[in-house]
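Listing of work.cif, mmCIF, C-alpha atoms
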data_my_file
#
loop_
_atom_site.group_PDB
_atom_site.id
_atom_site.type_symbol
_atom_site.label_atom_id
_atom_site.label_comp_id
_atom_site.auth_asym_id
_atom_site.auth_seq_id
_atom_site.Cartn_x
_atom_site.Cartn_y
_atom_site.Cartn_z
ATOM 1 C CA MET A 173 -103.834 122.123 73.387
ATOM 2 C CA SER A 174 -105.585 122.633 70.045
ATOM 3 C CA ALA A 175 -105.760 119.899 67.421
ATOM 4 C CA LEU A 176 -103.244 120.571 64.669
ATOM 5 C CA LEU A 177 -104.152 117.462 62.650
ATOM 6 C CA GLU A 178 -107.435 115.564 62.649
ATOM 7 C CA ILE A 179 -108.042 112.245 60.906
ATOM 8 C CA ASP A 180 -111.811 111.823 60.781
ATOM 9 C CA ARG A 181 -113.096 108.290 60.069
ATOM 10 C CA VAL A 182 -110.604 107.716 57.262
ATOM 11 C CA THR A 183 -110.695 104.466 55.285
ATOM 12 C CA MET A 184 -108.333 103.461 52.484
ATOM 13 C CA ARG A 185 -109.064 100.521 50.206
ATOM 14 C CA PHE A 186 -106.893 99.085 47.462
ATOM 15 C CA GLY A 187 -109.312 96.904 45.542
ATOM 16 C CA GLY A 188 -110.449 94.262 47.999
ATOM 17 C CA LEU A 189 -107.764 95.159 50.568
ATOM 18 C CA CYS A 190 -108.692 97.562 53.342
ATOM 19 C CA ALA A 191 -105.378 99.086 54.485
ATOM 20 C CA ILE A 192 -106.940 101.665 56.841
ATOM 21 C CA SER A 193 -110.386 101.248 58.367
ATOM 22 C CA ASP A 194 -112.397 104.028 60.041
ATOM 23 C CA CYS A 195 -109.264 105.635 61.481
ATOM 24 C CA ARG A 196 -109.703 108.553 63.871
ATOM 25 C CA LEU A 197 -106.692 110.452 65.115
ATOM 26 C CA SER A 198 -106.228 113.849 66.733
ATOM 27 C CA VAL A 199 -102.734 115.297 67.116
ATOM 28 C CA SER A 200 -102.333 118.340 69.323
ATOM 29 C CA ALA A 201 -99.937 121.153 68.457
ATOM 30 C CA GLY A 202 -96.562 120.837 70.141
ATOM 31 C CA VAL A 203 -96.629 117.121 70.956
ATOM 32 C CA ALA A 204 -94.655 114.122 69.755
ATOM 33 C CA HIS A 205 -97.182 111.468 68.739
ATOM 34 C CA GLY A 206 -96.075 107.886 68.064
ATOM 35 C CA ILE A 207 -97.728 105.463 65.652
ATOM 36 C CA ILE A 208 -96.803 101.838 66.319
ATOM 37 C CA GLY A 209 -98.022 98.441 65.198
ATOM 38 C CA PRO A 210 -96.886 95.291 63.419
ATOM 39 C CA ASN A 211 -95.793 95.272 59.780
ATOM 40 C CA GLY A 212 -98.814 95.674 57.528
ATOM 41 C CA ALA A 213 -100.797 97.566 60.174
ATOM 42 C CA GLY A 214 -101.295 100.557 57.841
ATOM 43 C CA LYS A 215 -98.827 102.998 59.390
ATOM 44 C CA THR A 216 -97.075 104.175 56.215
ATOM 45 C CA THR A 217 -100.402 104.188 54.358
ATOM 46 C CA LEU A 218 -101.636 106.656 56.965
ATOM 47 C CA PHE A 219 -98.626 108.901 56.298
ATOM 48 C CA ASN A 220 -99.289 108.663 52.551
ATOM 49 C CA LEU A 221 -102.863 109.781 53.160
ATOM 50 C CA ILE A 222 -101.812 112.740 55.315
ATOM 51 C CA THR A 223 -99.278 113.920 52.717
ATOM 52 C CA GLY A 224 -101.565 113.544 49.712
ATOM 53 C CA ILE A 225 -99.862 110.591 48.024
ATOM 54 C CA TYR A 226 -103.146 108.719 48.448
ATOM 55 C CA ARG A 227 -106.663 110.112 48.600
ATOM 56 C CA PRO A 228 -108.816 108.321 51.191
ATOM 57 C CA THR A 229 -111.668 106.141 50.025
ATOM 58 C CA GLU A 230 -113.748 107.584 52.861
ATOM 59 C CA GLY A 231 -113.299 110.225 55.545
ATOM 60 C CA ARG A 232 -111.660 113.622 55.854
ATOM 61 C CA ILE A 233 -108.254 114.965 56.875
ATOM 62 C CA ARG A 234 -107.988 118.400 58.490
ATOM 63 C CA PHE A 235 -104.819 120.368 59.137
ATOM 64 C CA LYS A 236 -104.746 123.662 61.024
ATOM 65 C CA GLY A 237 -108.530 123.656 60.988
ATOM 66 C CA HIS A 238 -109.124 123.285 57.241
ATOM 67 C CA ASP A 239 -109.843 120.296 55.050
ATOM 68 C CA ILE A 240 -106.813 119.106 53.062
ATOM 69 C CA THR A 241 -108.397 115.900 51.753
ATOM 70 C CA GLY A 242 -107.401 115.434 48.117
ATOM 71 C CA TRP A 243 -104.763 118.174 48.085
ATOM 72 C CA ARG A 244 -101.647 117.486 46.035
ATOM 73 C CA PRO A 245 -98.463 116.614 47.983
ATOM 74 C CA ALA A 246 -96.678 119.836 46.984
ATOM 75 C CA ARG A 247 -99.520 121.982 48.273
ATOM 76 C CA ILE A 248 -99.646 120.044 51.535
ATOM 77 C CA ALA A 249 -95.884 120.454 51.998
ATOM 78 C CA LEU A 250 -96.089 124.202 51.411
ATOM 79 C CA ASP A 251 -98.986 124.389 53.881
ATOM 80 C CA GLY A 252 -96.689 123.101 56.615
ATOM 81 C CA ILE A 253 -96.333 119.297 56.632
ATOM 82 C CA GLY A 254 -92.811 117.926 56.195
ATOM 83 C CA ARG A 255 -91.919 114.267 55.878
ATOM 84 C CA THR A 256 -89.138 111.698 55.824
ATOM 85 C CA PHE A 257 -89.373 108.152 54.446
ATOM 86 C CA GLN A 258 -88.555 104.690 55.752
ATOM 87 C CA ASN A 259 -86.135 104.265 52.840
ATOM 88 C CA ILE A 260 -84.040 107.428 52.677
ATOM 89 C CA ARG A 261 -84.973 109.547 49.646
ATOM 90 C CA LEU A 262 -82.250 112.065 48.975
ATOM 91 C CA PHE A 263 -80.998 113.547 45.713
ATOM 92 C CA LYS A 264 -77.867 111.463 46.100
ATOM 93 C CA ALA A 265 -75.964 112.902 43.134
ATOM 94 C CA LEU A 266 -76.422 116.453 44.460
ATOM 95 C CA THR A 267 -74.387 118.020 47.231
ATOM 96 C CA VAL A 268 -75.491 118.007 50.847
ATOM 97 C CA LEU A 269 -76.117 121.760 50.625
ATOM 98 C CA ASP A 270 -78.131 121.487 47.409
ATOM 99 C CA ASN A 271 -80.393 118.865 48.990
ATOM 100 C CA VAL A 272 -81.396 121.399 51.616
ATOM 101 C CA ARG A 273 -81.516 124.319 49.171
ATOM 102 C CA ILE A 274 -84.048 122.498 46.991
ATOM 103 C CA ALA A 275 -86.487 122.696 49.881
ATOM 104 C CA TYR A 276 -85.692 126.348 50.587
ATOM 105 C CA ASP A 277 -86.038 127.299 46.928
ATOM 106 C CA THR A 278 -89.748 126.418 46.986
ATOM 107 C CA GLN A 279 -90.187 129.521 49.164
ATOM 108 C CA LEU A 280 -88.377 131.933 46.826
ATOM 109 C CA HIS A 281 -90.261 134.191 44.442
ATOM 110 C CA TYR A 282 -88.740 135.748 41.333
ATOM 111 C CA HIS A 283 -89.601 136.224 37.649
ATOM 112 C CA PRO A 284 -88.209 133.709 35.102
ATOM 113 C CA LEU A 285 -86.386 136.571 33.343
ATOM 114 C CA GLU A 286 -84.601 137.408 36.594
ATOM 115 C CA ALA A 287 -83.460 133.797 36.793
ATOM 116 C CA LEU A 288 -82.232 133.810 33.190
ATOM 117 C CA ALA A 289 -80.291 137.036 33.703
ATOM 118 C CA ARG A 290 -79.287 136.086 37.273
ATOM 119 C CA VAL A 291 -80.262 139.524 38.577
ATOM 120 C CA GLY A 292 -82.731 141.129 40.950
ATOM 121 C CA ARG A 293 -84.689 138.880 43.256
ATOM 122 C CA TYR A 294 -83.013 135.787 41.807
ATOM 123 C CA GLY A 295 -79.582 136.860 43.018
ATOM 124 C CA ARG A 296 -80.869 137.871 46.430
ATOM 125 C CA GLY A 297 -82.815 134.629 46.677
ATOM 126 C CA GLU A 298 -79.746 132.544 45.844
ATOM 127 C CA GLU A 299 -77.735 134.271 48.554
ATOM 128 C CA GLU A 300 -80.535 133.784 51.061
ATOM 129 C CA SER A 301 -80.955 130.126 50.104
ATOM 130 C CA ILE A 302 -77.235 129.399 50.544
ATOM 131 C CA ALA A 303 -77.066 131.231 53.875
ATOM 132 C CA ARG A 304 -80.147 129.539 55.278
ATOM 133 C CA GLY A 305 -79.036 126.147 53.992
ATOM 134 C CA LEU A 306 -75.616 126.440 55.594
ATOM 135 C CA GLY A 307 -77.190 127.616 58.836
ATOM 136 C CA LEU A 308 -79.441 124.580 58.959
ATOM 137 C CA LEU A 309 -76.574 122.232 58.143
ATOM 138 C CA GLU A 310 -74.555 123.814 60.952
ATOM 139 C CA HIS A 311 -77.325 123.052 63.445
ATOM 140 C CA PHE A 312 -77.447 119.456 62.240
ATOM 141 C CA GLY A 313 -73.673 119.003 62.384
ATOM 142 C CA LEU A 314 -73.469 118.682 58.608
ATOM 143 C CA ALA A 315 -71.879 121.971 57.548
ATOM 144 C CA GLU A 316 -68.434 120.418 57.050
ATOM 145 C CA PHE A 317 -69.957 118.030 54.500
ATOM 146 C CA ALA A 318 -71.816 120.733 52.529
ATOM 147 C CA THR A 319 -69.874 120.189 49.279
ATOM 148 C CA LEU A 320 -69.954 116.381 49.377
ATOM 149 C CA ARG A 321 -72.508 114.482 47.351
ATOM 150 C CA ALA A 322 -75.291 113.110 49.539
ATOM 151 C CA CYS A 323 -74.389 109.535 48.531
ATOM 152 C CA GLU A 324 -70.936 110.010 50.085
ATOM 153 C CA LEU A 325 -72.354 110.465 53.583
ATOM 154 C CA PRO A 326 -72.548 107.474 55.936
ATOM 155 C CA TYR A 327 -76.027 106.097 56.579
ATOM 156 C CA GLY A 328 -76.646 107.909 59.869
ATOM 157 C CA LEU A 329 -75.736 111.285 58.394
ATOM 158 C CA GLN A 330 -77.918 110.652 55.346
ATOM 159 C CA ARG A 331 -80.824 110.125 57.730
ATOM 160 C CA ARG A 332 -79.936 113.368 59.498
ATOM 161 C CA LEU A 333 -79.768 115.209 56.160
ATOM 162 C CA GLU A 334 -83.203 113.929 55.178
ATOM 163 C CA ILE A 335 -84.637 115.331 58.409
ATOM 164 C CA ALA A 336 -82.844 118.632 57.787
ATOM 165 C CA ARG A 337 -84.335 118.857 54.305
ATOM 166 C CA ALA A 338 -87.813 118.175 55.674
ATOM 167 C CA LEU A 339 -87.369 121.025 58.158
ATOM 168 C CA ALA A 340 -86.137 123.409 55.465
ATOM 169 C CA VAL A 341 -89.725 123.968 54.323
ATOM 170 C CA GLN A 342 -90.409 125.244 57.866
ATOM 171 C CA PRO A 343 -93.198 122.780 58.668
ATOM 172 C CA SER A 344 -95.412 123.004 61.721
ATOM 173 C CA LEU A 345 -95.895 119.218 61.503
ATOM 174 C CA LEU A 346 -93.059 116.763 60.825
ATOM 175 C CA LEU A 347 -93.803 113.137 59.897
ATOM 176 C CA LEU A 348 -90.945 110.699 60.557
ATOM 177 C CA ASP A 349 -91.267 107.232 59.039
ATOM 178 C CA GLU A 350 -88.991 104.852 60.980
ATOM 179 C CA PRO A 351 -86.093 107.274 61.501
ATOM 180 C CA ALA A 352 -84.182 104.653 63.536
ATOM 181 C CA ALA A 353 -84.396 101.967 60.843
ATOM 182 C CA GLY A 354 -81.038 100.232 60.470
ATOM 183 C CA MET A 355 -79.570 101.806 63.610
ATOM 184 C CA ASN A 356 -78.062 99.979 66.579
ATOM 185 C CA THR A 357 -78.898 100.656 70.242
ATOM 186 C CA ALA A 358 -76.308 103.413 70.706
ATOM 187 C CA GLU A 359 -77.293 105.144 67.466
ATOM 188 C CA THR A 360 -80.965 104.958 68.420
ATOM 189 C CA ALA A 361 -80.252 106.536 71.812
ATOM 190 C CA ALA A 362 -78.355 109.359 70.079
ATOM 191 C CA LEU A 363 -81.242 109.811 67.646
ATOM 192 C CA THR A 364 -83.694 110.131 70.546
ATOM 193 C CA THR A 365 -81.658 112.998 71.994
ATOM 194 C CA PHE A 366 -81.324 114.538 68.533
ATOM 195 C CA LEU A 367 -85.094 114.461 67.933
ATOM 196 C CA ARG A 368 -85.762 116.025 71.323
ATOM 197 C CA ASP A 369 -83.445 118.863 70.340
ATOM 198 C CA ILE A 370 -85.203 119.305 66.991
ATOM 199 C CA ARG A 371 -88.594 119.411 68.663
ATOM 200 C CA ALA A 372 -87.485 122.065 71.148
ATOM 201 C CA HIS A 373 -85.392 124.190 68.769
ATOM 202 C CA PHE A 374 -87.783 124.244 65.815
ATOM 203 C CA GLN A 375 -90.970 124.069 67.918
ATOM 204 C CA VAL A 376 -92.365 121.455 65.565
ATOM 205 C CA THR A 377 -95.095 118.907 66.198
ATOM 206 C CA MET A 378 -93.999 115.353 65.384
ATOM 207 C CA ILE A 379 -95.740 112.174 64.318
ATOM 208 C CA LEU A 380 -93.393 109.219 64.478
ATOM 209 C CA ILE A 381 -93.687 105.714 63.011
ATOM 210 C CA GLU A 382 -91.171 103.487 64.734
ATOM 211 C CA HIS A 383 -90.462 99.886 65.791
ATOM 212 C CA HIS A 384 -87.761 100.816 68.331
ATOM 213 C CA MET A 385 -89.869 100.939 71.462
ATOM 214 C CA HIS A 386 -87.258 102.649 73.622
ATOM 215 C CA LEU A 387 -87.238 105.587 71.212
ATOM 216 C CA VAL A 388 -91.037 105.773 71.091
ATOM 217 C CA MET A 389 -91.513 105.450 74.852
ATOM 218 C CA ASN A 390 -88.824 108.023 75.657
ATOM 219 C CA LEU A 391 -89.775 110.610 73.033
ATOM 220 C CA CYS A 392 -93.544 110.524 72.553
ATOM 221 C CA ASP A 393 -96.237 112.165 74.663
ATOM 222 C CA LYS A 394 -98.986 110.020 73.164
ATOM 223 C CA ILE A 395 -99.055 106.779 71.190
ATOM 224 C CA THR A 396 -101.588 105.276 68.801
ATOM 225 C CA VAL A 397 -101.419 101.545 68.102
ATOM 226 C CA LEU A 398 -102.647 100.298 64.715
ATOM 227 C CA ASP A 399 -103.454 96.671 63.962
ATOM 228 C CA PHE A 400 -104.728 95.540 60.553
ATOM 229 C CA GLY A 401 -105.675 99.111 59.660
ATOM 230 C CA ARG A 402 -107.694 99.748 62.808
ATOM 231 C CA THR A 403 -106.903 101.674 65.972
ATOM 232 C CA LEU A 404 -106.213 99.083 68.648
ATOM 233 C CA ALA A 405 -105.304 101.432 71.502
ATOM 234 C CA GLU A 406 -104.281 104.998 72.257
ATOM 235 C CA GLY A 407 -102.837 106.779 75.261
ATOM 236 C CA THR A 408 -99.685 107.824 77.053
ATOM 237 C CA PRO A 409 -96.616 105.583 76.768
ATOM 238 C CA ALA A 410 -97.348 104.128 80.220
ATOM 239 C CA GLU A 411 -100.968 103.396 79.307
ATOM 240 C CA VAL A 412 -100.054 101.757 76.014
ATOM 241 C CA ARG A 413 -97.270 99.712 77.571
ATOM 242 C CA ALA A 414 -99.714 98.287 80.132
ATOM 243 C CA ASP A 415 -102.614 97.625 77.727
ATOM 244 C CA PRO A 416 -103.215 93.836 77.484
ATOM 245 C CA ARG A 417 -104.417 94.135 73.881
ATOM 246 C CA VAL A 418 -101.200 95.858 72.841
ATOM 247 C CA ILE A 419 -99.049 93.351 74.696
ATOM 248 C CA GLU A 420 -100.802 90.459 72.983
ATOM 249 C CA ALA A 421 -100.864 91.969 69.486
ATOM 250 C CA TYR A 422 -97.543 93.739 69.332
ATOM 251 C CA LEU A 423 -95.267 94.384 72.290
ATOM 252 C CA GLY A 424 -95.121 90.896 73.771
ATOM 253 C CA ASP A 425 -94.297 90.037 77.348
ATOM 254 C CA GLY A 426 -90.676 91.118 76.982
ATOM 255 C CA GLU A 427 -91.664 94.712 76.248
ATOM 256 C CA ALA A 428 -94.424 94.930 78.833
#

Can you present the structure in this file as structure tokens?
Amino acid sequence: MSALLEIDRVTMRFGGLCAISDCRLSVSAGVAHGIIGPNGAGKTTLFNLITGIYRPTEGRIRFKGHDITGWRPARIALDGIGRTFQNIRLFKALTVLDNVRIAYDTQLHYHPLEALARVGRYGRGEEESIARGLGLLEHFGLAEFATLRACELPYGLQRRLEIARALAVQPSLLLLDEPAAGMNTAETAALTTFLRDIRAHFQVTMILIEHHMHLVMNLCDKITVLDFGRTLAEGTPAEVRADPRVIEAYLGDGEA
């Protein structure tokens, strides 16, 4: 499998704090790749580097074979990297449908005069955006809530909507930052099945930050373990689970 994303010796410093140190990561197209590690290990910082929120102090980031280091977040998103956040970031005063349409609308092209007059490509684009948005919501089991404000959804459905919005930009790489945060065991099991379905249906590569080990071990093909900004271990779920360094630093005897 070819490398879709390559992190090449990336370091990120904030003043005297080194959040990421000489990180190397290769993510193949089509896989689900887990990133685990204790709090403060640099996991979310790595996501912020990949999506252009931060520019690395050192090193390069390549996506689909070209260097995206220093690109703005909007350009990276349009190039094919979607993302969710640990703390859900929806437009909570907007409807469920409009949250998804905002992502679709970045792909529409029409002249400002067409928008003012609501004619031509603007009208066709609006119809397309609504149809595609409703279709996506249907797949995610959210169509019946299309006219509700996002803040009116229960927590689990808000998380599902955030993933739907990330997929609306049709990414080839989806970054999920602790999607099971705040969920109980049954909800996490349901989320695991849901993410498997997303991966198969949308044929999207995933990178997943998560503390729920059952989700990571049952979903991911490969896992990278970060500790204090450095790569501690990498391998298949079975290899990582059995690694003494990982057991000592993170998993503990109960998870081994």

### Message
Translate the PyMOL selection byres ((chain A and resi 241) around 12) into a concrete residue list for this structure, as an MDAnalysis selection string.
### Response
chainID A and resid 177:180 182 220:235 238:240 242:245 247:248

### Query
Rounded to one decimal in Å, what is the spacing between atom CA of Ala322 of chain A and atom CA of Thr267 of chain A?
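A separation of 5.5 Å between them.
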
Can you translate the PyMOL selection byres ((chain A and resi 348) around 8) into the concrete residues it hits in this file, as a PDB file with C-alpha atoms, in the frame of the given file?
ATOM      1  CA  ARG A 255     -91.919 114.267  55.878  1.00  0.00           C
ATOM      2  CA  THR A 256     -89.138 111.698  55.824  1.00  0.00           C
ATOM      3  CA  PHE A 257     -89.373 108.152  54.446  1.00  0.00           C
ATOM      4  CA  LEU A 346     -93.059 116.763  60.825  1.00  0.00           C
ATOM      5  CA  LEU A 347     -93.803 113.137  59.897  1.00  0.00           C
ATOM      6  CA  ASP A 349     -91.267 107.232  59.039  1.00  0.00           C
ATOM      7  CA  GLU A 350     -88.991 104.852  60.980  1.00  0.00           C
ATOM      8  CA  PRO A 351     -86.093 107.274  61.501  1.00  0.00           C
ATOM      9  CA  MET A 378     -93.999 115.353  65.384  1.00  0.00           C
ATOM     10  CA  ILE A 379     -95.740 112.174  64.318  1.00  0.00           C
ATOM     11  CA  LEU A 380     -93.393 109.219  64.478  1.00  0.00           C
ATOM     12  CA  ILE A 381     -93.687 105.714  63.011  1.00  0.00           C
TER      13      ILE A 381
END

### Message
Please compute the atom CA of Gly237 of chain A-atom CA of Thr377 of chain A distance, one decimal, in Å.
### Response
15.2 Å

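Shortest separation to Val376 of chain A among A:Gly307, A:Gly401, A:Gly254, A:Gly214 occurs at residue A:Gly254, atoms counted being all atoms listed in the file.
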
### Message
Here's the selection I'm unsure about, the PyMOL selection byres ((chain A and resi 323) around 10); applied to the file above, which residues does it give, as an NGL selection string?
### Response
:A and (262-268 or 320-322 or 324-327 or 330)

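Nearest to Leu398 of chain A of all the residues A:Cys195, A:Ile370, A:Ala213, A:Met184 is A:Ala213, counting all atoms listed in the file.
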
### Query
Taking (-102.1, 115.5, 65.0) in the file's coordinates, which residues come within 7 Å, counting only C-alpha atoms, written as a PyMOL selection string?
chain A and resi 175-178+197-201

Which residues of segment 194-313 of chain A have any atom within 12 Å of an atom in segment 415-419 of chain A when counting all atoms listed in the file, and what is the closest pair of atoms for each, with the distance in Å to one decimal? Order the rows by chain and rising number and write it as CSV.
residue,atom,partner,partner_atom,distance
A:Ile208,CA,A:Val418,CA,9.9
A:Gly209,CA,A:Val418,CA,8.7
A:Pro210,CA,A:Val418,CA,10.4

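Across the model, the gap from atom CA of Asp251 of chain A to atom CA of Glu300 of chain A is 20.9 Å.
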
### Message
Ranking A:Glu411, A:Glu359, A:Asp270, A:Glu420 by minimum distance to Arg331 of chain A and counting all atoms listed in the file, which one comes first?
### Response
A:Glu359
